[in-house]
$ cat protein-v8.pdb   # PDB, C-alpha atoms, pLDDT in the B column
ATOM      1  CA  ALA A1225       0.000   0.000   0.000  1.00 35.00           C
ATOM      2  CA  TYR A1226       1.120   3.528  -0.705  1.00 39.00           C
ATOM      3  CA  SER A1227       1.449   5.105   2.742  1.00 41.00           C
ATOM      4  CA  ILE A1228       0.444   8.682   1.899  1.00 45.00           C
ATOM      5  CA  LEU A1229      -2.966   7.410   0.871  1.00 50.00           C
ATOM      6  CA  ASP A1230      -3.805   5.532   4.101  1.00 64.00           C
ATOM      7  CA  GLY A1231      -5.152   2.809   1.863  1.00 75.00           C
ATOM      8  CA  THR A1232      -4.142   1.097  -1.338  1.00 85.00           C
ATOM      9  CA  LEU A1233      -2.861   1.975  -4.771  1.00 89.00           C
ATOM     10  CA  SER A1234      -3.435  -0.223  -7.796  1.00 93.00           C
ATOM     11  CA  VAL A1235      -2.820  -0.035 -11.523  1.00 96.00           C
ATOM     12  CA  ASN A1236      -5.096  -2.073 -13.782  1.00 96.00           C
ATOM     13  CA  GLY A1237      -6.152  -4.086 -10.738  1.00 92.00           C
ATOM     14  CA  MET A1238      -2.612  -4.876  -9.519  1.00 94.00           C
ATOM     15  CA  GLU A1239      -2.024  -3.584  -5.980  1.00 93.00           C
ATOM     16  CA  ILE A1240       1.399  -1.952  -5.757  1.00 93.00           C
ATOM     17  CA  GLY A1241       3.454   0.511  -3.762  1.00 91.00           C
ATOM     18  CA  GLU A1242       5.649   3.378  -4.855  1.00 90.00           C
ATOM     19  CA  ILE A1243       8.389   1.046  -6.146  1.00 95.00           C
ATOM     20  CA  GLY A1244       5.850  -0.804  -8.266  1.00 95.00           C
ATOM     21  CA  MET A1245       4.542   2.432  -9.727  1.00 95.00           C
ATOM     22  CA  GLU A1246       8.015   3.690 -10.591  1.00 95.00           C
ATOM     23  CA  ALA A1247       8.927   0.277 -12.077  1.00 97.00           C
ATOM     24  CA  MET A1248       5.781   0.327 -14.237  1.00 97.00           C
ATOM     25  CA  ILE A1249       6.538   3.833 -15.450  1.00 97.00           C
ATOM     26  CA  ALA A1250      10.132   2.833 -16.254  1.00 97.00           C
ATOM     27  CA  GLY A1251       8.738  -0.219 -18.054  1.00 96.00           C
ATOM     28  CA  THR A1252       6.744   2.002 -20.412  1.00 96.00           C
ATOM     29  CA  TYR A1253      10.137   3.331 -21.572  1.00 96.00           C
ATOM     30  CA  GLY A1254      11.646  -0.171 -21.786  1.00 96.00           C
ATOM     31  CA  VAL A1255      13.751   0.314 -18.643  1.00 97.00           C
ATOM     32  CA  PRO A1256      13.971  -2.608 -16.172  1.00 97.00           C
ATOM     33  CA  LEU A1257      14.048  -2.355 -12.384  1.00 97.00           C
ATOM     34  CA  ILE A1258      17.635  -3.468 -11.826  1.00 97.00           C
ATOM     35  CA  MET A1259      18.256  -2.239  -8.260  1.00 98.00           C
ATOM     36  CA  VAL A1260      16.391  -0.939  -5.218  1.00 97.00           C
ATOM     37  CA  THR A1261      17.796   0.352  -1.945  1.00 97.00           C
ATOM     38  CA  GLY A1262      15.799   0.914   1.204  1.00 95.00           C
ATOM     39  CA  ASP A1263      14.371  -1.129   4.049  1.00 94.00           C
ATOM     40  CA  ALA A1264      13.120  -4.721   4.166  1.00 93.00           C
ATOM     41  CA  ALA A1265       9.678  -3.650   2.903  1.00 92.00           C
ATOM     42  CA  ALA A1266      11.276  -2.048  -0.161  1.00 94.00           C
ATOM     43  CA  GLU A1267      13.216  -5.245  -0.792  1.00 96.00           C
ATOM     44  CA  MET A1268      10.060  -7.337  -0.464  1.00 96.00           C
ATOM     45  CA  GLU A1269       8.103  -5.157  -2.897  1.00 95.00           C
ATOM     46  CA  ALA A1270      10.952  -5.079  -5.437  1.00 97.00           C
ATOM     47  CA  LYS A1271      11.427  -8.862  -5.321  1.00 97.00           C
ATOM     48  CA  SER A1272       7.674  -9.427  -5.706  1.00 95.00           C
ATOM     49  CA  LEU A1273       7.808  -7.423  -8.934  1.00 95.00           C
ATOM     50  CA  CYS A1274      11.019  -8.917 -10.300  1.00 95.00           C
ATOM     51  CA  ALA A1275      12.960 -11.649  -8.502  1.00 95.00           C
ATOM     52  CA  GLU A1276      16.134 -10.741 -10.422  1.00 96.00           C
ATOM     53  CA  THR A1277      16.212  -7.149  -9.127  1.00 97.00           C
ATOM     54  CA  GLU A1278      19.242  -6.484  -6.917  1.00 97.00           C
ATOM     55  CA  THR A1279      18.301  -5.098  -3.510  1.00 98.00           C
ATOM     56  CA  ALA A1280      20.323  -3.480  -0.763  1.00 98.00           C
ATOM     57  CA  VAL A1281      18.726  -3.216   2.688  1.00 97.00           C
ATOM     58  CA  VAL A1282      20.418  -0.156   4.183  1.00 97.00           C
ATOM     59  CA  LYS A1283      17.959   0.693   6.956  1.00 96.00           C
ATOM     60  CA  TYR A1284      15.384  -0.892   9.243  1.00 94.00           C
ATOM     61  CA  ALA A1285      11.977   0.547  10.018  1.00 89.00           C
ATOM     62  CA  ALA A1286      11.696   1.754  13.618  1.00 90.00           C
ATOM     63  CA  GLY A1287       8.221   3.277  13.539  1.00 85.00           C
ATOM     64  CA  PHE A1288       6.192   5.589  11.344  1.00 80.00           C
ATOM     65  CA  GLY A1289       8.611   7.821   9.420  1.00 80.00           C
ATOM     66  CA  THR A1290      11.675   6.641  11.326  1.00 90.00           C
ATOM     67  CA  ALA A1291      14.432   4.144  10.619  1.00 91.00           C
ATOM     68  CA  MET A1292      17.666   2.806  12.007  1.00 95.00           C
ATOM     69  CA  CYS A1293      20.273   3.252   9.284  1.00 95.00           C
ATOM     70  CA  CYS A1294      23.260   0.994   8.694  1.00 95.00           C
ATOM     71  CA  ALA A1295      26.741   2.366   9.223  1.00 96.00           C
ATOM     72  CA  PRO A1296      28.036   4.404   6.262  1.00 96.00           C
ATOM     73  CA  SER A1297      31.069   2.137   5.802  1.00 97.00           C
ATOM     74  CA  TYR A1298      28.792  -0.939   5.516  1.00 97.00           C
ATOM     75  CA  THR A1299      26.274   0.878   3.300  1.00 97.00           C
ATOM     76  CA  ARG A1300      28.953   2.201   0.947  1.00 97.00           C
ATOM     77  CA  LYS A1301      30.394  -1.281   0.369  1.00 98.00           C
ATOM     78  CA  LEU A1302      26.954  -2.915   0.005  1.00 98.00           C
ATOM     79  CA  LEU A1303      25.739  -0.316  -2.494  1.00 98.00           C
ATOM     80  CA  TYR A1304      28.897  -0.666  -4.578  1.00 98.00           C
ATOM     81  CA  GLU A1305      28.617  -4.473  -4.696  1.00 98.00           C
ATOM     82  CA  LYS A1306      24.893  -4.516  -5.466  1.00 98.00           C
ATOM     83  CA  ALA A1307      25.157  -1.782  -8.116  1.00 98.00           C
ATOM     84  CA  LYS A1308      28.038  -3.583  -9.807  1.00 98.00           C
ATOM     85  CA  THR A1309      26.066  -6.839  -9.918  1.00 97.00           C
ATOM     86  CA  ALA A1310      22.925  -5.023 -11.127  1.00 97.00           C
ATOM     87  CA  VAL A1311      24.766  -3.389 -14.025  1.00 97.00           C
ATOM     88  CA  GLU A1312      26.503  -6.654 -14.949  1.00 97.00           C
ATOM     89  CA  HIS A1313      23.136  -8.453 -15.161  1.00 96.00           C
ATOM     90  CA  CYS A1314      20.869  -5.649 -16.376  1.00 95.00           C
ATOM     91  CA  ARG A1315      20.365  -7.252 -19.792  1.00 95.00           C
ATOM     92  CA  ASP A1316      18.916 -10.344 -18.078  1.00 94.00           C
ATOM     93  CA  ILE A1317      16.100  -8.361 -16.423  1.00 95.00           C
ATOM     94  CA  SER A1318      12.914  -7.593 -18.337  1.00 95.00           C
ATOM     95  CA  PRO A1319      11.082  -4.302 -17.860  1.00 97.00           C
ATOM     96  CA  LEU A1320       7.821  -4.441 -15.894  1.00 96.00           C
ATOM     97  CA  MET A1321       5.363  -3.693 -18.659  1.00 93.00           C
ATOM     98  CA  ILE A1322       1.578  -3.542 -18.580  1.00 93.00           C
ATOM     99  CA  ASP A1323      -0.705  -2.678 -21.454  1.00 93.00           C
ATOM    100  CA  ALA A1324      -2.501   0.641 -21.868  1.00 94.00           C
ATOM    101  CA  PRO A1325      -5.062   1.955 -21.267  1.00 97.00           C
ATOM    102  CA  TYR A1326      -4.299   2.378 -17.576  1.00 96.00           C
ATOM    103  CA  GLU A1327      -6.471   2.860 -14.531  1.00 96.00           C
ATOM    104  CA  ILE A1328      -4.900   4.067 -11.305  1.00 94.00           C
ATOM    105  CA  GLN A1329      -7.163   3.271  -8.369  1.00 92.00           C
ATOM    106  CA  LEU A1330      -6.710   5.011  -5.020  1.00 87.00           C
ATOM    107  CA  ARG A1331      -8.673   3.336  -2.215  1.00 85.00           C
ATOM    108  CA  PHE A1332      -8.788   4.823   1.274  1.00 77.00           C
ATOM    109  CA  SER A1333      -9.174   2.851   4.480  1.00 72.00           C
ATOM    110  CA  GLY A1334     -10.818   5.837   6.163  1.00 66.00           C
ATOM    111  CA  GLU A1335     -12.284   8.998   4.734  1.00 64.00           C
ATOM    112  CA  ALA A1336     -11.297  10.009   1.229  1.00 62.00           C
ATOM    113  CA  ASP A1337      -8.607  12.631   0.978  1.00 65.00           C
ATOM    114  CA  GLU A1338     -10.203  16.081   0.672  1.00 71.00           C
ATOM    115  CA  ARG A1339      -7.708  17.090  -2.033  1.00 72.00           C
ATOM    116  CA  LEU A1340      -9.017  14.408  -4.389  1.00 73.00           C
ATOM    117  CA  LEU A1341     -12.609  15.561  -3.999  1.00 71.00           C
ATOM    118  CA  HIS A1342     -11.635  18.776  -5.794  1.00 71.00           C
ATOM    119  CA  ALA A1343      -9.313  17.306  -8.440  1.00 77.00           C
ATOM    120  CA  GLU A1344     -11.465  17.177 -11.569  1.00 78.00           C
ATOM    121  CA  GLU A1345      -9.376  14.547 -13.417  1.00 85.00           C
ATOM    122  CA  PHE A1346     -10.171  11.927 -10.729  1.00 88.00           C
ATOM    123  CA  ILE A1347     -13.379   9.916 -10.814  1.00 89.00           C
ATOM    124  CA  ASN A1348     -15.031   9.554  -7.398  1.00 86.00           C
ATOM    125  CA  ASN A1349     -16.338   5.984  -7.323  1.00 85.00           C
ATOM    126  CA  GLY A1350     -18.430   6.778  -4.227  1.00 81.00           C
ATOM    127  CA  ASP A1351     -17.035   3.845  -2.245  1.00 81.00           C
ATOM    128  CA  GLY A1352     -13.956   5.500  -0.753  1.00 78.00           C
ATOM    129  CA  SER A1353     -11.989   5.067  -3.950  1.00 85.00           C
ATOM    130  CA  PHE A1354     -10.967   7.294  -6.819  1.00 88.00           C
ATOM    131  CA  ALA A1355      -9.909   6.367 -10.334  1.00 93.00           C
ATOM    132  CA  LEU A1356      -7.760   8.060 -12.916  1.00 93.00           C
ATOM    133  CA  ARG A1357      -7.857   6.697 -16.457  1.00 95.00           C
ATOM    134  CA  GLY A1358      -5.541   7.362 -19.377  1.00 95.00           C
ATOM    135  CA  THR A1359      -2.904   6.106 -21.766  1.00 96.00           C
ATOM    136  CA  ASN A1360       0.241   7.765 -20.370  1.00 96.00           C
ATOM    137  CA  LEU A1361       1.112   6.234 -17.010  1.00 96.00           C
ATOM    138  CA  HIS A1362       3.905   8.731 -16.369  1.00 95.00           C
ATOM    139  CA  GLN A1363       1.590  11.735 -16.802  1.00 93.00           C
ATOM    140  CA  MET A1364      -1.090  10.051 -14.711  1.00 92.00           C
ATOM    141  CA  TRP A1365       1.337   9.502 -11.814  1.00 92.00           C
ATOM    142  CA  ASP A1366       2.409  13.141 -12.125  1.00 90.00           C
ATOM    143  CA  ALA A1367      -1.275  14.097 -11.689  1.00 88.00           C
ATOM    144  CA  VAL A1368      -1.465  12.021  -8.481  1.00 86.00           C
ATOM    145  CA  ASN A1369       1.706  13.654  -7.166  1.00 83.00           C
ATOM    146  CA  LEU A1370       0.427  17.146  -7.984  1.00 82.00           C
ATOM    147  CA  VAL A1371      -2.600  16.523  -5.756  1.00 79.00           C
ATOM    148  CA  TYR A1372      -0.385  15.423  -2.836  1.00 70.00           C
ATOM    149  CA  CYS A1373       2.637  17.650  -3.319  1.00 68.00           C
ATOM    150  CA  ASP A1374       1.591  21.286  -3.382  1.00 58.00           C
ATOM    151  CA  TRP A1375       5.224  22.342  -3.788  1.00 53.00           C
ATOM    152  CA  LEU A1376       5.380  20.716  -7.265  1.00 49.00           C
ATOM    153  CA  ASP A1377       3.171  23.409  -8.853  1.00 50.00           C
TER     154      ASP A1377
END
$ encode --input "protein-v8.pdb" --output "structure tokens"
Amino acid sequence: AYSILDGTLSVNGMEIGEIGMEAMIAGTYGVPLIMVTGDAAAEMEAKSLCAETETAVVKYAAGFGTAMCCAPSYTRKLLYEKAKTAVEHCRDISPLMIDAPYEIQLRFSGEADERLLHAEEFINNGDGSFALRGTNLHQMWDAVNLVYCDWLD
């Protein structure tokens, strides 16, 4: 689930997180997900999308918005090794591609986000979910981010 939404995010019925969305967008350009760094949840999401993706766990969740980070000397070495392996095997990894047209579905576990109620490009399904339909996944994700990130205007 995509945390900012307090619910779930899906594309064409496939529930994903932020890594999945970025991997799908990259896939529309023919670019594979070759490496992900982050916490264990990031590793789990990346591997669920593509088992061949290199992952580097460099921090551990310690509560909402907080993490315990690995020592810089360990992280530096791990990132170098994982990046080297990822680049060496990048041709063996297929891009995550899904067919257009696309439907991004935002489903809330509580009340719908007020910002979406006023965003005219989103369809209010009336059941705590909103849909955005189109043929350019990258532009659609930009529209989602513009609703949530006022500073992007």
$ resolve_selection --input "protein-v8.pdb" --expression "the PyMOL selection byres ((chain A and resi 1357-1367) around 6)" --output "NGL selection string"
:A and (1249 or 1324-1327 or 1356 or 1368-1370)
$ atom_distance --input "protein-v8.pdb" --atom1 "CA of Ile1328 (chain A)" --atom2 "CA of Thr1252 (chain A)"
14.9 Å
$ resolve_selection --input "protein-v8.pdb" --expression "the PyMOL selection byres ((chain A and resi 1245) around 10)" --output "list in words"
Tyr1226, Leu1233, Ser1234, Val1235, Glu1239, Ile1240, Gly1241, Glu1242, Ile1243, Gly1244, Glu1246, Ala1247, Met1248, Ile1249, Ala1250, Gly1251, Leu1320, Ile1328, Leu1361, His1362 and Trp1365 of chain A
$ atom_distance --input "protein-v8.pdb" --atom1 "CA of Ala1264 (chain A)" --atom2 "CA of Cys1293 (chain A)"
11.9 Å
$ resolve_selection --input "protein-v8.pdb" --expression "the PyMOL selection byres ((chain A and resi 1260) around 10)" --output "PyMOL selection string"
chain A and resi 1243+1257-1259+1261-1263+1266-1267+1269-1271+1277-1281+1303+1306-1307+1310
$ closest_residue --input "protein-v8.pdb" --among "A:His1313, A:Ser1272, A:Leu1330, A:Thr1290" --to "Gly1350 (chain A)" --atoms "only C-alpha atoms"
A:Leu1330
$ closest_residue --input "protein-v8.pdb" --among "A:Met1321, A:Leu1340, A:Ile1347, A:Ala1355" --to "Tyr1253 (chain A)" --atoms "all atoms listed in the file"
A:Met1321
$ axis_aligned_box --input "protein-v8.pdb" --around "region 1352-1371 of chain A" --padding-each-side "4 Å" --output "lines of an AutoDock Vina configuration file"
center_x = -5.0
center_y = 11.1
center_z = -11.3
size_x = 25.9
size_y = 20.1
size_z = 29.0
$ closest_residue --input "protein-v8.pdb" --among "A:Lys1283, A:Arg1331, A:Asn1349, A:Glu1344" --to "Ala1265 (chain A)" --atoms "all atoms listed in the file"
A:Lys1283
$ atom_distance --input "protein-v8.pdb" --atom1 "CA of Lys1308 (chain A)" --atom2 "CA of Tyr1284 (chain A)"
23.0 Å
$ closest_residue --input "protein-v8.pdb" --among "A:Phe1288, A:Tyr1372, A:Phe1346, A:Phe1332" --to "Gly1231 (chain A)" --atoms "all atoms listed in the file"
A:Phe1332
$ residues_around --input "protein-v8.pdb" --residues "Arg1339 (chain A)" --least-positions-apart "2" --cutoff "8 Å" --atoms "only C-alpha atoms" --output "number ranges by chain"
A: 1337, 1341-1343, 1371-1372
$ decode --input "protein-v8.pdb" --residues "region 1232-1373 of chain A" --atoms "C-alpha atoms" --output "compact mmCIF listing (two decimals), in the first residue's frame"
# COMPACT_ATOMS: atom_id res chain seq x y z
CA THR A 1232 -4.14 1.10 -1.34
CA LEU A 1233 -2.86 1.97 -4.77
CA SER A 1234 -3.44 -0.22 -7.80
CA VAL A 1235 -2.82 -0.03 -11.52
CA ASN A 1236 -5.10 -2.07 -13.78
CA GLY A 1237 -6.15 -4.09 -10.74
CA MET A 1238 -2.61 -4.88 -9.52
CA GLU A 1239 -2.02 -3.58 -5.98
CA ILE A 1240 1.40 -1.95 -5.76
CA GLY A 1241 3.45 0.51 -3.76
CA GLU A 1242 5.65 3.38 -4.86
CA ILE A 1243 8.39 1.05 -6.15
CA GLY A 1244 5.85 -0.80 -8.27
CA MET A 1245 4.54 2.43 -9.73
CA GLU A 1246 8.02 3.69 -10.59
CA ALA A 1247 8.93 0.28 -12.08
CA MET A 1248 5.78 0.33 -14.24
CA ILE A 1249 6.54 3.83 -15.45
CA ALA A 1250 10.13 2.83 -16.25
CA GLY A 1251 8.74 -0.22 -18.05
CA THR A 1252 6.74 2.00 -20.41
CA TYR A 1253 10.14 3.33 -21.57
CA GLY A 1254 11.65 -0.17 -21.79
CA VAL A 1255 13.75 0.31 -18.64
CA PRO A 1256 13.97 -2.61 -16.17
CA LEU A 1257 14.05 -2.35 -12.38
CA ILE A 1258 17.64 -3.47 -11.83
CA MET A 1259 18.26 -2.24 -8.26
CA VAL A 1260 16.39 -0.94 -5.22
CA THR A 1261 17.80 0.35 -1.95
CA GLY A 1262 15.80 0.91 1.20
CA ASP A 1263 14.37 -1.13 4.05
CA ALA A 1264 13.12 -4.72 4.17
CA ALA A 1265 9.68 -3.65 2.90
CA ALA A 1266 11.28 -2.05 -0.16
CA GLU A 1267 13.22 -5.24 -0.79
CA MET A 1268 10.06 -7.34 -0.46
CA GLU A 1269 8.10 -5.16 -2.90
CA ALA A 1270 10.95 -5.08 -5.44
CA LYS A 1271 11.43 -8.86 -5.32
CA SER A 1272 7.67 -9.43 -5.71
CA LEU A 1273 7.81 -7.42 -8.93
CA CYS A 1274 11.02 -8.92 -10.30
CA ALA A 1275 12.96 -11.65 -8.50
CA GLU A 1276 16.13 -10.74 -10.42
CA THR A 1277 16.21 -7.15 -9.13
CA GLU A 1278 19.24 -6.48 -6.92
CA THR A 1279 18.30 -5.10 -3.51
CA ALA A 1280 20.32 -3.48 -0.76
CA VAL A 1281 18.73 -3.22 2.69
CA VAL A 1282 20.42 -0.16 4.18
CA LYS A 1283 17.96 0.69 6.96
CA TYR A 1284 15.38 -0.89 9.24
CA ALA A 1285 11.98 0.55 10.02
CA ALA A 1286 11.70 1.75 13.62
CA GLY A 1287 8.22 3.28 13.54
CA PHE A 1288 6.19 5.59 11.34
CA GLY A 1289 8.61 7.82 9.42
CA THR A 1290 11.67 6.64 11.33
CA ALA A 1291 14.43 4.14 10.62
CA MET A 1292 17.67 2.81 12.01
CA CYS A 1293 20.27 3.25 9.28
CA CYS A 1294 23.26 0.99 8.69
CA ALA A 1295 26.74 2.37 9.22
CA PRO A 1296 28.04 4.40 6.26
CA SER A 1297 31.07 2.14 5.80
CA TYR A 1298 28.79 -0.94 5.52
CA THR A 1299 26.27 0.88 3.30
CA ARG A 1300 28.95 2.20 0.95
CA LYS A 1301 30.39 -1.28 0.37
CA LEU A 1302 26.95 -2.92 0.01
CA LEU A 1303 25.74 -0.32 -2.49
CA TYR A 1304 28.90 -0.67 -4.58
CA GLU A 1305 28.62 -4.47 -4.70
CA LYS A 1306 24.89 -4.52 -5.47
CA ALA A 1307 25.16 -1.78 -8.12
CA LYS A 1308 28.04 -3.58 -9.81
CA THR A 1309 26.07 -6.84 -9.92
CA ALA A 1310 22.92 -5.02 -11.13
CA VAL A 1311 24.77 -3.39 -14.02
CA GLU A 1312 26.50 -6.65 -14.95
CA HIS A 1313 23.14 -8.45 -15.16
CA CYS A 1314 20.87 -5.65 -16.38
CA ARG A 1315 20.37 -7.25 -19.79
CA ASP A 1316 18.92 -10.34 -18.08
CA ILE A 1317 16.10 -8.36 -16.42
CA SER A 1318 12.91 -7.59 -18.34
CA PRO A 1319 11.08 -4.30 -17.86
CA LEU A 1320 7.82 -4.44 -15.89
CA MET A 1321 5.36 -3.69 -18.66
CA ILE A 1322 1.58 -3.54 -18.58
CA ASP A 1323 -0.71 -2.68 -21.45
CA ALA A 1324 -2.50 0.64 -21.87
CA PRO A 1325 -5.06 1.95 -21.27
CA TYR A 1326 -4.30 2.38 -17.58
CA GLU A 1327 -6.47 2.86 -14.53
CA ILE A 1328 -4.90 4.07 -11.30
CA GLN A 1329 -7.16 3.27 -8.37
CA LEU A 1330 -6.71 5.01 -5.02
CA ARG A 1331 -8.67 3.34 -2.22
CA PHE A 1332 -8.79 4.82 1.27
CA SER A 1333 -9.17 2.85 4.48
CA GLY A 1334 -10.82 5.84 6.16
CA GLU A 1335 -12.28 9.00 4.73
CA ALA A 1336 -11.30 10.01 1.23
CA ASP A 1337 -8.61 12.63 0.98
CA GLU A 1338 -10.20 16.08 0.67
CA ARG A 1339 -7.71 17.09 -2.03
CA LEU A 1340 -9.02 14.41 -4.39
CA LEU A 1341 -12.61 15.56 -4.00
CA HIS A 1342 -11.64 18.78 -5.79
CA ALA A 1343 -9.31 17.31 -8.44
CA GLU A 1344 -11.47 17.18 -11.57
CA GLU A 1345 -9.38 14.55 -13.42
CA PHE A 1346 -10.17 11.93 -10.73
CA ILE A 1347 -13.38 9.92 -10.81
CA ASN A 1348 -15.03 9.55 -7.40
CA ASN A 1349 -16.34 5.98 -7.32
CA GLY A 1350 -18.43 6.78 -4.23
CA ASP A 1351 -17.03 3.84 -2.25
CA GLY A 1352 -13.96 5.50 -0.75
CA SER A 1353 -11.99 5.07 -3.95
CA PHE A 1354 -10.97 7.29 -6.82
CA ALA A 1355 -9.91 6.37 -10.33
CA LEU A 1356 -7.76 8.06 -12.92
CA ARG A 1357 -7.86 6.70 -16.46
CA GLY A 1358 -5.54 7.36 -19.38
CA THR A 1359 -2.90 6.11 -21.77
CA ASN A 1360 0.24 7.77 -20.37
CA LEU A 1361 1.11 6.23 -17.01
CA HIS A 1362 3.91 8.73 -16.37
CA GLN A 1363 1.59 11.73 -16.80
CA MET A 1364 -1.09 10.05 -14.71
CA TRP A 1365 1.34 9.50 -11.81
CA ASP A 1366 2.41 13.14 -12.13
CA ALA A 1367 -1.27 14.10 -11.69
CA VAL A 1368 -1.47 12.02 -8.48
CA ASN A 1369 1.71 13.65 -7.17
CA LEU A 1370 0.43 17.15 -7.98
CA VAL A 1371 -2.60 16.52 -5.76
CA TYR A 1372 -0.38 15.42 -2.84
CA CYS A 1373 2.64 17.65 -3.32
